[in-house]
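Undergrad: So that we are looking at the same thing, I have put the structure below in structure tokens.
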Amino acid sequence: MRKLKVAIVEDSKIIRKRLVELVEEIDDMVVVGEAATESTAIDMCRKTNPDAIILDMQLEVGNGLGVLKAMRYNVAEAGIKPTIIVLTNFPSPSVQRAALALGADVFLDKSREFHKVIALLQSAVGELQS
């Protein structure tokens with residue numbers, strides 16, 4: 001059985017570490033990469049072709065919208081559409097609309113909806129294995 005490949009794009013080392021721990025606690029998932037900047041995230045996702053991406057909007061350099069734009073092109077070229085879960089401290093309606101328009105599947109407020117990430121990933125595992 002193939003594991004769900006998860007990429008984590010988050011500028012906070014503490015939150016990134018916690019997300020890695022959460023994902024690695026689940027047998028059917030594996031973290032294939034971590035990034036804190038837009039360019040590193042894009043390179044990592046192109047090399048690893050993750051099934052799911054946990055994406056922050058505010059990065060050390062660049063932002064999540066830039067990653068979403070690049071993933072849109074990657075999907076067109078490679079034909080692979082990862083599940084993209086935006087997890088951000090900046091849940092403004094305009095950022096949410098932009099993220100969803102660029103291909104995010106889910107937009108979560110980090111301060112109130114962090115707990116939903118694992119359930120969403122488990123749903124993606126179910127889709128992968130069906």
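Simple scheme: letters A, B, ... for chains in structure tokens order, numbers from 1 for residues in each chain, numbers from 1 for ligands in the order shown.
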Any chance you could list, as a ChimeraX atom specification, the residues in chain A that come up helix (DSSP H, G or I) when DSSP is run on the backbone?

TA: /A:13-24,38-48,64-78,93-101,110-113,116-129

Undergrad: Take the residues from that selection and write them out as a compact mmCIF listing (two decimals), in the first residue's frame, keeping C-alpha atoms.

TA:
# COMPACT_ATOMS: atom_id res chain seq x y z
CA LYS A 13 10.15 26.12 12.63
CA ILE A 14 8.02 25.25 15.65
CA ILE A 15 4.82 24.80 13.66
CA ARG A 16 6.66 22.98 10.84
CA LYS A 17 8.12 20.55 13.38
CA ARG A 18 4.68 19.96 14.93
CA LEU A 19 3.15 19.29 11.51
CA VAL A 20 5.92 16.81 10.68
CA GLU A 21 5.29 15.03 13.98
CA LEU A 22 1.54 14.87 13.36
CA VAL A 23 1.93 13.49 9.85
CA GLU A 24 4.56 10.94 10.83
CA GLU A 38 8.44 30.17 -1.79
CA SER A 39 11.29 29.12 -4.09
CA THR A 40 12.34 26.18 -1.90
CA ALA A 41 8.72 25.04 -1.72
CA ILE A 42 8.29 25.16 -5.49
CA ASP A 43 11.51 23.22 -6.11
CA MET A 44 10.67 20.66 -3.45
CA CYS A 45 7.15 20.09 -4.78
CA ARG A 46 8.36 19.72 -8.35
CA LYS A 47 10.96 17.14 -7.28
CA THR A 48 8.78 15.12 -4.88
CA GLY A 64 1.85 30.87 -0.44
CA LEU A 65 0.08 32.48 -3.38
CA GLY A 66 3.32 32.24 -5.38
CA VAL A 67 3.53 28.55 -4.51
CA LEU A 68 -0.08 28.03 -5.60
CA LYS A 69 0.60 29.73 -8.94
CA ALA A 70 3.61 27.49 -9.54
CA MET A 71 1.67 24.37 -8.57
CA ARG A 72 -1.01 25.33 -11.06
CA TYR A 73 1.61 25.17 -13.83
CA ASN A 74 3.03 21.96 -12.39
CA VAL A 75 -0.42 20.37 -12.55
CA ALA A 76 -0.76 21.42 -16.19
CA GLU A 77 2.67 19.99 -17.07
CA ALA A 78 2.76 16.84 -14.95
CA PRO A 93 -11.55 36.88 2.83
CA SER A 94 -9.48 38.36 -0.02
CA VAL A 95 -6.55 36.01 0.64
CA GLN A 96 -8.95 33.09 0.95
CA ARG A 97 -10.60 33.91 -2.40
CA ALA A 98 -7.21 34.25 -4.09
CA ALA A 99 -5.92 30.97 -2.64
CA LEU A 100 -9.01 29.02 -3.63
CA ALA A 101 -8.98 30.56 -7.12
CA LYS A 110 -4.24 28.31 11.88
CA SER A 111 -5.37 29.71 15.22
CA ARG A 112 -8.83 28.08 15.13
CA GLU A 113 -8.70 25.14 12.71
CA LYS A 116 -8.68 19.79 11.06
CA VAL A 117 -5.46 19.16 9.12
CA ILE A 118 -5.04 15.49 10.05
CA ALA A 119 -8.67 14.61 9.26
CA LEU A 120 -8.27 16.25 5.84
CA LEU A 121 -5.07 14.31 5.19
CA GLN A 122 -6.73 11.06 6.27
CA SER A 123 -9.49 11.78 3.76
CA ALA A 124 -6.83 12.21 1.08
CA VAL A 125 -5.34 8.83 2.09
CA GLY A 126 -8.76 7.27 1.58
CA GLU A 127 -9.00 8.76 -1.91
CA LEU A 128 -5.47 7.58 -2.74
CA GLN A 129 -6.24 4.02 -1.73

Undergrad: Can you tell me, as a PDB file with all heavy atoms, in the first residue's frame, which residues in segment 31-95 of chain A count as strand (DSSP E) by DSSP?

TA:
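Contents of selection_11.pdb, as written:
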ATOM      1  N   VAL A  31       6.262  12.366   5.230  1.00  0.00           N
ATOM      2  CA  VAL A  31       6.664  13.721   4.854  1.00  0.00           C
ATOM      3  C   VAL A  31       7.780  13.599   3.823  1.00  0.00           C
ATOM      4  O   VAL A  31       8.811  12.988   4.095  1.00  0.00           O
ATOM      5  CB  VAL A  31       7.136  14.538   6.078  1.00  0.00           C
ATOM      6  CG1 VAL A  31       7.675  15.891   5.642  1.00  0.00           C
ATOM      7  CG2 VAL A  31       5.995  14.715   7.070  1.00  0.00           C
ATOM      8  N   VAL A  32       7.555  14.167   2.630  1.00  0.00           N
ATOM      9  CA  VAL A  32       8.560  14.079   1.567  1.00  0.00           C
ATOM     10  C   VAL A  32       9.409  15.342   1.454  1.00  0.00           C
ATOM     11  O   VAL A  32      10.374  15.371   0.693  1.00  0.00           O
ATOM     12  CB  VAL A  32       7.923  13.755   0.193  1.00  0.00           C
ATOM     13  CG1 VAL A  32       7.319  12.362   0.210  1.00  0.00           C
ATOM     14  CG2 VAL A  32       6.897  14.803  -0.207  1.00  0.00           C
ATOM     15  N   GLY A  33       9.046  16.380   2.208  1.00  0.00           N
ATOM     16  CA  GLY A  33       9.844  17.589   2.180  1.00  0.00           C
ATOM     17  C   GLY A  33       9.259  18.687   3.029  1.00  0.00           C
ATOM     18  O   GLY A  33       8.070  18.674   3.349  1.00  0.00           O
ATOM     19  N   GLU A  34      10.136  19.613   3.382  1.00  0.00           N
ATOM     20  CA  GLU A  34       9.756  20.784   4.158  1.00  0.00           C
ATOM     21  C   GLU A  34      10.380  22.007   3.508  1.00  0.00           C
ATOM     22  O   GLU A  34      11.473  21.921   2.952  1.00  0.00           O
ATOM     23  CB  GLU A  34      10.290  20.697   5.592  1.00  0.00           C
ATOM     24  CG  GLU A  34       9.870  19.492   6.367  1.00  0.00           C
ATOM     25  CD  GLU A  34      10.607  19.417   7.700  1.00  0.00           C
ATOM     26  OE1 GLU A  34      10.778  20.464   8.368  1.00  0.00           O
ATOM     27  OE2 GLU A  34      11.028  18.312   8.058  1.00  0.00           O
ATOM     28  N   ALA A  35       9.678  23.132   3.601  1.00  0.00           N
ATOM     29  CA  ALA A  35      10.213  24.379   3.054  1.00  0.00           C
ATOM     30  C   ALA A  35       9.690  25.549   3.869  1.00  0.00           C
ATOM     31  O   ALA A  35       8.587  25.500   4.416  1.00  0.00           O
ATOM     32  CB  ALA A  35       9.808  24.528   1.594  1.00  0.00           C
ATOM     33  N   ALA A  52      -0.184  15.629  -1.160  1.00  0.00           N
ATOM     34  CA  ALA A  52      -0.815  16.690  -0.371  1.00  0.00           C
ATOM     35  C   ALA A  52       0.242  17.711   0.040  1.00  0.00           C
ATOM     36  O   ALA A  52       1.397  17.360   0.286  1.00  0.00           O
ATOM     37  CB  ALA A  52      -1.498  16.111   0.866  1.00  0.00           C
ATOM     38  N   ILE A  53      -0.192  18.968   0.105  1.00  0.00           N
ATOM     39  CA  ILE A  53       0.687  20.055   0.542  1.00  0.00           C
ATOM     40  C   ILE A  53      -0.032  20.827   1.640  1.00  0.00           C
ATOM     41  O   ILE A  53      -1.179  21.243   1.465  1.00  0.00           O
ATOM     42  CB  ILE A  53       1.010  21.024  -0.616  1.00  0.00           C
ATOM     43  CG1 ILE A  53       1.671  20.281  -1.777  1.00  0.00           C
ATOM     44  CG2 ILE A  53       1.899  22.172  -0.121  1.00  0.00           C
ATOM     45  CD1 ILE A  53       1.794  21.117  -3.046  1.00  0.00           C
ATOM     46  N   ILE A  54       0.649  20.988   2.774  1.00  0.00           N
ATOM     47  CA  ILE A  54       0.158  21.880   3.828  1.00  0.00           C
ATOM     48  C   ILE A  54       0.907  23.184   3.604  1.00  0.00           C
ATOM     49  O   ILE A  54       2.138  23.225   3.674  1.00  0.00           O
ATOM     50  CB  ILE A  54       0.436  21.318   5.230  1.00  0.00           C
ATOM     51  CG1 ILE A  54      -0.221  19.942   5.387  1.00  0.00           C
ATOM     52  CG2 ILE A  54      -0.072  22.291   6.296  1.00  0.00           C
ATOM     53  CD1 ILE A  54       0.198  19.213   6.657  1.00  0.00           C
ATOM     54  N   LEU A  55       0.165  24.253   3.328  1.00  0.00           N
ATOM     55  CA  LEU A  55       0.771  25.488   2.839  1.00  0.00           C
ATOM     56  C   LEU A  55       0.382  26.701   3.672  1.00  0.00           C
ATOM     57  O   LEU A  55      -0.808  27.022   3.790  1.00  0.00           O
ATOM     58  CB  LEU A  55       0.331  25.699   1.377  1.00  0.00           C
ATOM     59  CG  LEU A  55       0.780  26.960   0.667  1.00  0.00           C
ATOM     60  CD1 LEU A  55       2.297  27.004   0.538  1.00  0.00           C
ATOM     61  CD2 LEU A  55       0.118  27.033  -0.709  1.00  0.00           C
ATOM     62  N   THR A  83      -3.602  17.528  -3.194  1.00  0.00           N
ATOM     63  CA  THR A  83      -4.554  18.176  -2.300  1.00  0.00           C
ATOM     64  C   THR A  83      -3.784  19.281  -1.592  1.00  0.00           C
ATOM     65  O   THR A  83      -2.734  19.025  -1.005  1.00  0.00           O
ATOM     66  CB  THR A  83      -5.099  17.171  -1.268  1.00  0.00           C
ATOM     67  OG1 THR A  83      -5.779  16.127  -1.969  1.00  0.00           O
ATOM     68  CG2 THR A  83      -6.034  17.846  -0.278  1.00  0.00           C
ATOM     69  N   ILE A  84      -4.284  20.507  -1.674  1.00  0.00           N
ATOM     70  CA  ILE A  84      -3.576  21.635  -1.063  1.00  0.00           C
ATOM     71  C   ILE A  84      -4.406  22.199   0.076  1.00  0.00           C
ATOM     72  O   ILE A  84      -5.527  22.674  -0.126  1.00  0.00           O
ATOM     73  CB  ILE A  84      -3.250  22.731  -2.095  1.00  0.00           C
ATOM     74  CG1 ILE A  84      -2.386  22.149  -3.219  1.00  0.00           C
ATOM     75  CG2 ILE A  84      -2.546  23.908  -1.405  1.00  0.00           C
ATOM     76  CD1 ILE A  84      -2.099  23.104  -4.354  1.00  0.00           C
ATOM     77  N   ILE A  85      -3.832  22.114   1.278  1.00  0.00           N
ATOM     78  CA  ILE A  85      -4.475  22.615   2.489  1.00  0.00           C
ATOM     79  C   ILE A  85      -3.737  23.867   2.921  1.00  0.00           C
ATOM     80  O   ILE A  85      -2.573  23.800   3.328  1.00  0.00           O
ATOM     81  CB  ILE A  85      -4.415  21.562   3.616  1.00  0.00           C
ATOM     82  CG1 ILE A  85      -5.102  20.258   3.172  1.00  0.00           C
ATOM     83  CG2 ILE A  85      -5.037  22.116   4.896  1.00  0.00           C
ATOM     84  CD1 ILE A  85      -4.824  19.079   4.086  1.00  0.00           C
ATOM     85  N   VAL A  86      -4.396  25.003   2.792  1.00  0.00           N
ATOM     86  CA  VAL A  86      -3.803  26.253   3.259  1.00  0.00           C
ATOM     87  C   VAL A  86      -4.091  26.367   4.752  1.00  0.00           C
ATOM     88  O   VAL A  86      -5.237  26.208   5.192  1.00  0.00           O
ATOM     89  CB  VAL A  86      -4.377  27.472   2.500  1.00  0.00           C
ATOM     90  CG1 VAL A  86      -3.932  28.775   3.153  1.00  0.00           C
ATOM     91  CG2 VAL A  86      -3.957  27.429   1.045  1.00  0.00           C
ATOM     92  N   LEU A  87      -3.041  26.616   5.532  1.00  0.00           N
ATOM     93  CA  LEU A  87      -3.132  26.766   6.976  1.00  0.00           C
ATOM     94  C   LEU A  87      -2.409  28.063   7.319  1.00  0.00           C
ATOM     95  O   LEU A  87      -1.186  28.128   7.225  1.00  0.00           O
ATOM     96  CB  LEU A  87      -2.460  25.563   7.655  1.00  0.00           C
ATOM     97  CG  LEU A  87      -2.542  25.470   9.168  1.00  0.00           C
ATOM     98  CD1 LEU A  87      -3.988  25.306   9.626  1.00  0.00           C
ATOM     99  CD2 LEU A  87      -1.695  24.311   9.663  1.00  0.00           C
ATOM    100  N   THR A  88      -3.166  29.096   7.677  1.00  0.00           N
ATOM    101  CA  THR A  88      -2.558  30.417   7.798  1.00  0.00           C
ATOM    102  C   THR A  88      -3.078  31.210   8.997  1.00  0.00           C
ATOM    103  O   THR A  88      -4.188  30.958   9.480  1.00  0.00           O
ATOM    104  CB  THR A  88      -2.796  31.225   6.501  1.00  0.00           C
ATOM    105  OG1 THR A  88      -2.100  32.471   6.588  1.00  0.00           O
ATOM    106  CG2 THR A  88      -4.268  31.470   6.255  1.00  0.00           C
TER     107      THR A  88
END

Undergrad: State, in Å with one decimal place, the distance from atom CA of Lys81 of chain A to atom CA of Glu60 of chain A.

TA: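 Going from atom CA of Lys81 of chain A over to atom CA of Glu60 of chain A covers 24.9 Å.
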
Undergrad: Nearest to Asn49 of chain A: which of A:Gly62, A:Phe114, A:Leu4, A:Leu108 is it, counting only C-alpha atoms?

TA: A:Leu4
